$ cat entry_2.pdb   # PDB, N, CA and C atoms
ATOM      1  N   MET A   1     -13.802  -7.783 -11.411
ATOM      2  CA  MET A   1     -12.399  -7.453 -11.350
ATOM      3  C   MET A   1     -11.920  -7.221 -12.783
ATOM      4  N   SER A   2     -11.182  -6.157 -12.993
ATOM      5  CA  SER A   2     -10.704  -5.869 -14.342
ATOM      6  C   SER A   2      -9.366  -6.547 -14.603
ATOM      7  N   ARG A   3      -9.133  -6.870 -15.856
ATOM      8  CA  ARG A   3      -7.871  -7.474 -16.265
ATOM      9  C   ARG A   3      -7.048  -6.417 -16.980
ATOM     10  N   GLN A   4      -5.745  -6.423 -16.720
ATOM     11  CA  GLN A   4      -4.853  -5.475 -17.347
ATOM     12  C   GLN A   4      -3.583  -6.190 -17.745
ATOM     13  N   SER A   5      -2.990  -5.712 -18.785
ATOM     14  CA  SER A   5      -1.703  -6.241 -19.220
ATOM     15  C   SER A   5      -0.658  -5.176 -18.917
ATOM     16  N   ILE A   6       0.373  -5.555 -18.175
ATOM     17  CA  ILE A   6       1.410  -4.591 -17.831
ATOM     18  C   ILE A   6       2.778  -5.172 -18.148
ATOM     19  N   SER A   7       3.727  -4.282 -18.357
ATOM     20  CA  SER A   7       5.101  -4.688 -18.637
ATOM     21  C   SER A   7       5.979  -4.250 -17.487
ATOM     22  N   PHE A   8       7.022  -5.026 -17.212
ATOM     23  CA  PHE A   8       7.949  -4.731 -16.135
ATOM     24  C   PHE A   8       9.352  -4.575 -16.691
ATOM     25  N   THR A   9      10.130  -3.726 -16.053
ATOM     26  CA  THR A   9      11.547  -3.667 -16.378
ATOM     27  C   THR A   9      12.169  -4.978 -15.898
ATOM     28  N   SER A  10      13.328  -5.296 -16.406
ATOM     29  CA  SER A  10      13.982  -6.553 -16.009
ATOM     30  C   SER A  10      14.187  -6.669 -14.504
ATOM     31  N   PRO A  11      14.723  -5.623 -13.831
ATOM     32  CA  PRO A  11      14.900  -5.764 -12.373
ATOM     33  C   PRO A  11      13.582  -5.984 -11.635
ATOM     34  N   ASN A  12      12.528  -5.298 -12.058
ATOM     35  CA  ASN A  12      11.228  -5.471 -11.394
ATOM     36  C   ASN A  12      10.644  -6.849 -11.677
ATOM     37  N   SER A  13      10.824  -7.332 -12.895
ATOM     38  CA  SER A  13      10.347  -8.663 -13.243
ATOM     39  C   SER A  13      11.076  -9.729 -12.429
ATOM     40  N   GLU A  14      12.367  -9.570 -12.270
ATOM     41  CA  GLU A  14      13.154 -10.516 -11.472
ATOM     42  C   GLU A  14      12.725 -10.495 -10.009
ATOM     43  N   TRP A  15      12.497  -9.296  -9.481
ATOM     44  CA  TRP A  15      12.053  -9.159  -8.085
ATOM     45  C   TRP A  15      10.707  -9.858  -7.901
ATOM     46  N   LEU A  16       9.777  -9.590  -8.832
ATOM     47  CA  LEU A  16       8.444 -10.177  -8.753
ATOM     48  C   LEU A  16       8.517 -11.694  -8.847
ATOM     49  N   ASN A  17       9.305 -12.196  -9.769
ATOM     50  CA  ASN A  17       9.471 -13.642  -9.924
ATOM     51  C   ASN A  17      10.021 -14.263  -8.640
ATOM     52  N   LYS A  18      10.980 -13.605  -8.023
ATOM     53  CA  LYS A  18      11.558 -14.107  -6.773
ATOM     54  C   LYS A  18      10.503 -14.182  -5.677
ATOM     55  N   LYS A  19       9.700 -13.117  -5.546
ATOM     56  CA  LYS A  19       8.669 -13.078  -4.500
ATOM     57  C   LYS A  19       7.601 -14.145  -4.703
ATOM     58  N   VAL A  20       7.264 -14.435  -5.966
ATOM     59  CA  VAL A  20       6.196 -15.394  -6.254
ATOM     60  C   VAL A  20       6.726 -16.819  -6.327
ATOM     61  N   ASN A  21       7.787 -17.037  -7.076
ATOM     62  CA  ASN A  21       8.221 -18.398  -7.390
ATOM     63  C   ASN A  21       9.338 -18.949  -6.512
ATOM     64  N   VAL A  22      10.095 -18.080  -5.869
ATOM     65  CA  VAL A  22      11.208 -18.555  -5.048
ATOM     66  C   VAL A  22      10.857 -18.462  -3.562
ATOM     67  N   GLU A  23      10.484 -17.264  -3.136
ATOM     68  CA  GLU A  23      10.180 -17.049  -1.716
ATOM     69  C   GLU A  23       8.746 -17.419  -1.359
ATOM     70  N   HIS A  24       7.884 -17.552  -2.356
ATOM     71  CA  HIS A  24       6.464 -17.902  -2.168
ATOM     72  C   HIS A  24       5.758 -16.928  -1.223
ATOM     73  N   GLU A  25       6.182 -15.668  -1.265
ATOM     74  CA  GLU A  25       5.522 -14.640  -0.456
ATOM     75  C   GLU A  25       4.127 -14.348  -0.998
ATOM     76  N   TYR A  26       3.962 -14.504  -2.302
ATOM     77  CA  TYR A  26       2.674 -14.296  -2.976
ATOM     78  C   TYR A  26       2.354 -15.528  -3.811
ATOM     79  N   LYS A  27       1.064 -15.760  -4.031
ATOM     80  CA  LYS A  27       0.649 -16.918  -4.826
ATOM     81  C   LYS A  27       0.704 -16.643  -6.324
ATOM     82  N   SER A  28       0.629 -15.360  -6.698
ATOM     83  CA  SER A  28       0.633 -15.010  -8.120
ATOM     84  C   SER A  28       1.168 -13.597  -8.300
ATOM     85  N   ASN A  29       1.503 -13.282  -9.545
ATOM     86  CA  ASN A  29       1.934 -11.920  -9.864
ATOM     87  C   ASN A  29       0.828 -10.923  -9.533
ATOM     88  N   SER A  30      -0.407 -11.288  -9.836
ATOM     89  CA  SER A  30      -1.536 -10.392  -9.567
ATOM     90  C   SER A  30      -1.666 -10.082  -8.079
ATOM     91  N   GLU A  31      -1.516 -11.112  -7.257
ATOM     92  CA  GLU A  31      -1.607 -10.905  -5.816
ATOM     93  C   GLU A  31      -0.516  -9.948  -5.341
ATOM     94  N   ALA A  32       0.697 -10.118  -5.855
ATOM     95  CA  ALA A  32       1.809  -9.254  -5.465
ATOM     96  C   ALA A  32       1.563  -7.807  -5.885
ATOM     97  N   VAL A  33       1.144  -7.611  -7.124
ATOM     98  CA  VAL A  33       0.910  -6.251  -7.630
ATOM     99  C   VAL A  33      -0.232  -5.596  -6.861
ATOM    100  N   ASN A  34      -1.315  -6.334  -6.615
ATOM    101  CA  ASN A  34      -2.423  -5.766  -5.848
ATOM    102  C   ASN A  34      -1.999  -5.389  -4.436
ATOM    103  N   ASP A  35      -1.161  -6.206  -3.804
ATOM    104  CA  ASP A  35      -0.665  -5.894  -2.466
ATOM    105  C   ASP A  35       0.186  -4.628  -2.490
ATOM    106  N   LEU A  36       1.042  -4.502  -3.480
ATOM    107  CA  LEU A  36       1.882  -3.307  -3.591
ATOM    108  C   LEU A  36       1.037  -2.054  -3.820
ATOM    109  N   ILE A  37      -0.014  -2.176  -4.616
ATOM    110  CA  ILE A  37      -0.900  -1.033  -4.846
ATOM    111  C   ILE A  37      -1.624  -0.659  -3.561
ATOM    112  N   ARG A  38      -2.119  -1.659  -2.812
ATOM    113  CA  ARG A  38      -2.781  -1.374  -1.527
ATOM    114  C   ARG A  38      -1.832  -0.641  -0.584
ATOM    115  N   LYS A  39      -0.585  -1.100  -0.523
ATOM    116  CA  LYS A  39       0.401  -0.450   0.346
ATOM    117  C   LYS A  39       0.683   0.980  -0.111
ATOM    118  N   ALA A  40       0.773   1.189  -1.405
ATOM    119  CA  ALA A  40       1.009   2.537  -1.929
ATOM    120  C   ALA A  40      -0.168   3.447  -1.607
ATOM    121  N   ARG A  41      -1.388   2.925  -1.698
ATOM    122  CA  ARG A  41      -2.572   3.727  -1.367
ATOM    123  C   ARG A  41      -2.587   4.080   0.119
ATOM    124  N   GLU A  42      -2.172   3.128   0.945
ATOM    125  CA  GLU A  42      -2.103   3.385   2.382
ATOM    126  C   GLU A  42      -1.089   4.485   2.675
ATOM    127  N   VAL A  43       0.082   4.396   2.061
ATOM    128  CA  VAL A  43       1.117   5.417   2.258
ATOM    129  C   VAL A  43       0.598   6.774   1.797
ATOM    130  N   GLU A  44      -0.076   6.796   0.669
ATOM    131  CA  GLU A  44      -0.639   8.044   0.143
ATOM    132  C   GLU A  44      -1.648   8.647   1.117
ATOM    133  N   ALA A  45      -2.520   7.814   1.677
ATOM    134  CA  ALA A  45      -3.521   8.303   2.630
ATOM    135  C   ALA A  45      -2.858   8.813   3.907
ATOM    136  N   ILE A  46      -1.859   8.106   4.379
ATOM    137  CA  ILE A  46      -1.139   8.529   5.588
ATOM    138  C   ILE A  46      -0.437   9.854   5.337
ATOM    139  N   ARG A  47       0.240   9.957   4.221
ATOM    140  CA  ARG A  47       0.959  11.187   3.889
ATOM    141  C   ARG A  47      -0.002  12.374   3.812
ATOM    142  N   ALA A  48      -1.139  12.191   3.161
ATOM    143  CA  ALA A  48      -2.122  13.273   3.046
ATOM    144  C   ALA A  48      -2.637  13.692   4.419
ATOM    145  N   ARG A  49      -2.916  12.709   5.272
ATOM    146  CA  ARG A  49      -3.419  13.015   6.610
ATOM    147  C   ARG A  49      -2.364  13.738   7.437
ATOM    148  N   LEU A  50      -1.116  13.316   7.333
ATOM    149  CA  LEU A  50      -0.045  13.972   8.084
ATOM    150  C   LEU A  50       0.142  15.417   7.627
ATOM    151  N   ILE A  51       0.102  15.627   6.321
ATOM    152  CA  ILE A  51       0.239  16.992   5.797
ATOM    153  C   ILE A  51      -0.910  17.854   6.290
ATOM    154  N   GLU A  52      -2.119  17.317   6.241
ATOM    155  CA  GLU A  52      -3.301  18.051   6.716
ATOM    156  C   GLU A  52      -3.162  18.400   8.201
ATOM    157  N   ALA A  53      -2.733  17.433   8.988
ATOM    158  CA  ALA A  53      -2.587  17.658  10.433
ATOM    159  C   ALA A  53      -1.501  18.691  10.720
ATOM    160  N   GLU A  54      -0.393  18.598  10.002
ATOM    161  CA  GLU A  54       0.690  19.551  10.233
ATOM    162  C   GLU A  54       0.274  20.966   9.845
ATOM    163  N   ARG A  55      -0.488  21.084   8.778
ATOM    164  CA  ARG A  55      -0.938  22.411   8.333
ATOM    165  C   ARG A  55      -1.976  23.017   9.275
ATOM    166  N   SER A  56      -2.857  22.187   9.776
ATOM    167  CA  SER A  56      -3.945  22.715  10.604
ATOM    168  C   SER A  56      -3.506  22.983  12.034
ATOM    169  N   GLY A  57      -2.536  22.209  12.501
ATOM    170  CA  GLY A  57      -2.100  22.365  13.875
ATOM    171  C   GLY A  57      -3.158  21.955  14.885
ATOM    172  N   PHE A  58      -4.190  21.229  14.429
ATOM    173  CA  PHE A  58      -5.314  20.884  15.291
ATOM    174  C   PHE A  58      -5.265  19.448  15.774
ATOM    175  N   THR A  59      -4.096  18.884  15.826
ATOM    176  CA  THR A  59      -4.018  17.517  16.332
ATOM    177  C   THR A  59      -2.894  17.402  17.343
ATOM    178  N   GLU A  60      -3.124  16.550  18.274
ATOM    179  CA  GLU A  60      -2.082  16.251  19.241
ATOM    180  C   GLU A  60      -1.676  14.791  19.110
ATOM    181  N   MET A  61      -2.190  14.159  18.042
ATOM    182  CA  MET A  61      -1.869  12.760  17.803
ATOM    183  C   MET A  61      -0.438  12.647  17.279
ATOM    184  N   THR A  62       0.189  11.542  17.643
ATOM    185  CA  THR A  62       1.526  11.274  17.114
ATOM    186  C   THR A  62       1.374  10.706  15.705
ATOM    187  N   ARG A  63       2.482  10.656  14.971
ATOM    188  CA  ARG A  63       2.432  10.069  13.632
ATOM    189  C   ARG A  63       1.979   8.621  13.694
ATOM    190  N   GLU A  64       2.432   7.898  14.701
ATOM    191  CA  GLU A  64       2.048   6.495  14.828
ATOM    192  C   GLU A  64       0.549   6.359  15.077
ATOM    193  N   GLU A  65      -0.017   7.243  15.891
ATOM    194  CA  GLU A  65      -1.460   7.213  16.157
ATOM    195  C   GLU A  65      -2.246   7.532  14.887
ATOM    196  N   ILE A  66      -1.762   8.483  14.117
ATOM    197  CA  ILE A  66      -2.429   8.829  12.858
ATOM    198  C   ILE A  66      -2.368   7.649  11.897
ATOM    199  N   ARG A  67      -1.202   7.024  11.778
ATOM    200  CA  ARG A  67      -1.069   5.855  10.900
ATOM    201  C   ARG A  67      -2.033   4.746  11.310
ATOM    202  N   ALA A  68      -2.100   4.471  12.596
ATOM    203  CA  ALA A  68      -2.991   3.410  13.089
ATOM    204  C   ALA A  68      -4.448   3.744  12.783
ATOM    205  N   GLU A  69      -4.824   4.995  12.966
ATOM    206  CA  GLU A  69      -6.202   5.413  12.692
ATOM    207  C   GLU A  69      -6.529   5.263  11.210
ATOM    208  N   ILE A  70      -5.610   5.651  10.349
ATOM    209  CA  ILE A  70      -5.844   5.544   8.904
ATOM    210  C   ILE A  70      -5.943   4.087   8.481
ATOM    211  N   ARG A  71      -5.052   3.262   8.991
ATOM    212  CA  ARG A  71      -5.108   1.835   8.650
ATOM    213  C   ARG A  71      -6.459   1.240   9.047
ATOM    214  N   GLU A  72      -6.943   1.603  10.220
ATOM    215  CA  GLU A  72      -8.238   1.099  10.677
ATOM    216  C   GLU A  72      -9.361   1.596   9.773
ATOM    217  N   GLU A  73      -9.329   2.863   9.370
ATOM    218  CA  GLU A  73     -10.345   3.396   8.458
ATOM    219  C   GLU A  73     -10.313   2.656   7.123
ATOM    220  N   LEU A  74      -9.116   2.414   6.590
ATOM    221  CA  LEU A  74      -8.995   1.707   5.320
ATOM    222  C   LEU A  74      -9.518   0.286   5.448
ATOM    223  N   ARG A  75      -9.235  -0.383   6.568
ATOM    224  CA  ARG A  75      -9.750  -1.745   6.785
ATOM    225  C   ARG A  75     -11.269  -1.739   6.842
ATOM    226  N   ARG A  76     -11.839  -0.782   7.573
ATOM    227  CA  ARG A  76     -13.299  -0.690   7.679
ATOM    228  C   ARG A  76     -13.943  -0.452   6.328
ATOM    229  N   ASN A  77     -13.267   0.296   5.465
ATOM    230  CA  ASN A  77     -13.814   0.601   4.138
ATOM    231  C   ASN A  77     -13.477  -0.477   3.116
ATOM    232  N   GLY A  78     -12.829  -1.556   3.562
ATOM    233  CA  GLY A  78     -12.480  -2.644   2.672
ATOM    234  C   GLY A  78     -11.372  -2.308   1.686
ATOM    235  N   GLU A  79     -10.580  -1.296   1.988
ATOM    236  CA  GLU A  79      -9.518  -0.884   1.079
ATOM    237  C   GLU A  79      -8.193  -1.507   1.429
ATOM    238  N   LEU A  80      -8.115  -2.247   2.519
ATOM    239  CA  LEU A  80      -6.888  -2.952   2.909
ATOM    240  C   LEU A  80      -7.180  -4.421   3.074
TER     241      LEU A  80
END

$ encode --input "entry_2.pdb" --output "structure tokens"
Amino acid sequence: MSRQSISFTSPNSEWLNKKVNVEHEYKSNSEAVNDLIRKAREVEAIRARLIEAERSGFTEMTREEIRAEIREELRRNGEL
């Protein structure tokens, strides 16, 4: 696992502190940031798949079905 040093704006730092130290939603800043990155990657994959499906016109799946399929693929690949 790589280590990185990052800086946050005051509002983002306050939000992160609240999630970790007040609400205890995450055990550490690292856990919170990694979770947010995983969610962003999932959204990116879903968006790409939806754009591809809309352009090709070769799907009859609903957006919800596509999202579920992508989430399952990401879980199988250990990306979620």

$ atom_distance --input "entry_2.pdb" --atom1 "CA of Asn77 in chain A" --atom2 "CA of Glu42 in chain A"
12.2 Å

$ axis_aligned_box --input "entry_2.pdb" --around "range 1-18 of chain A" --padding-each-side "3 Å" --output "JSON"
{"center_x": 0.5, "center_y": -9.0, "center_z": -12.4, "size_x": 34.7, "size_y": 16.6, "size_z": 19.5}

$ closest_residue --input "entry_2.pdb" --among "A:Glu60, A:Glu44, A:Arg3, A:Ala32" --to "Lys19 in chain A" --atoms "all atoms listed in the file"
A:Ala32

$ residues_near_point --input "entry_2.pdb" --point "(0.9, -6.2, -15.6)" --cutoff "9 Å" --atoms "only C-alpha atoms" --output "list in words"
Arg3, Gln4, Ser5, Ile6, Ser7, Phe8, Asn29, Ser30 and Val33 of chain A

$ write_last_selection --input "entry_2.pdb" --atoms "N, CA and C atoms" --output "compact mmCIF listing (two decimals), in the frame of the given file"
# COMPACT_ATOMS: atom_id res chain seq x y z
N ARG A 3 -9.13 -6.87 -15.86
CA ARG A 3 -7.87 -7.47 -16.26
C ARG A 3 -7.05 -6.42 -16.98
N GLN A 4 -5.74 -6.42 -16.72
CA GLN A 4 -4.85 -5.48 -17.35
C GLN A 4 -3.58 -6.19 -17.74
N SER A 5 -2.99 -5.71 -18.78
CA SER A 5 -1.70 -6.24 -19.22
C SER A 5 -0.66 -5.18 -18.92
N ILE A 6 0.37 -5.56 -18.18
CA ILE A 6 1.41 -4.59 -17.83
C ILE A 6 2.78 -5.17 -18.15
N SER A 7 3.73 -4.28 -18.36
CA SER A 7 5.10 -4.69 -18.64
C SER A 7 5.98 -4.25 -17.49
N PHE A 8 7.02 -5.03 -17.21
CA PHE A 8 7.95 -4.73 -16.14
C PHE A 8 9.35 -4.58 -16.69
N ASN A 29 1.50 -13.28 -9.54
CA ASN A 29 1.93 -11.92 -9.86
C ASN A 29 0.83 -10.92 -9.53
N SER A 30 -0.41 -11.29 -9.84
CA SER A 30 -1.54 -10.39 -9.57
C SER A 30 -1.67 -10.08 -8.08
N VAL A 33 1.14 -7.61 -7.12
CA VAL A 33 0.91 -6.25 -7.63
C VAL A 33 -0.23 -5.60 -6.86

$ closest_residue --input "entry_2.pdb" --among "A:Leu16, A:Ala53, A:Ile46, A:Ile37" --to "Ala68 in chain A" --atoms "only C-alpha atoms"
A:Ile46

$ atom_distance --input "entry_2.pdb" --atom1 "CA of Val22 in chain A" --atom2 "CA of Glu79 in chain A"
27.9 Å

$ atom_distance --input "entry_2.pdb" --atom1 "atom C of Val43 in chain A" --atom2 "CA of Ser2 in chain A"
23.4 Å
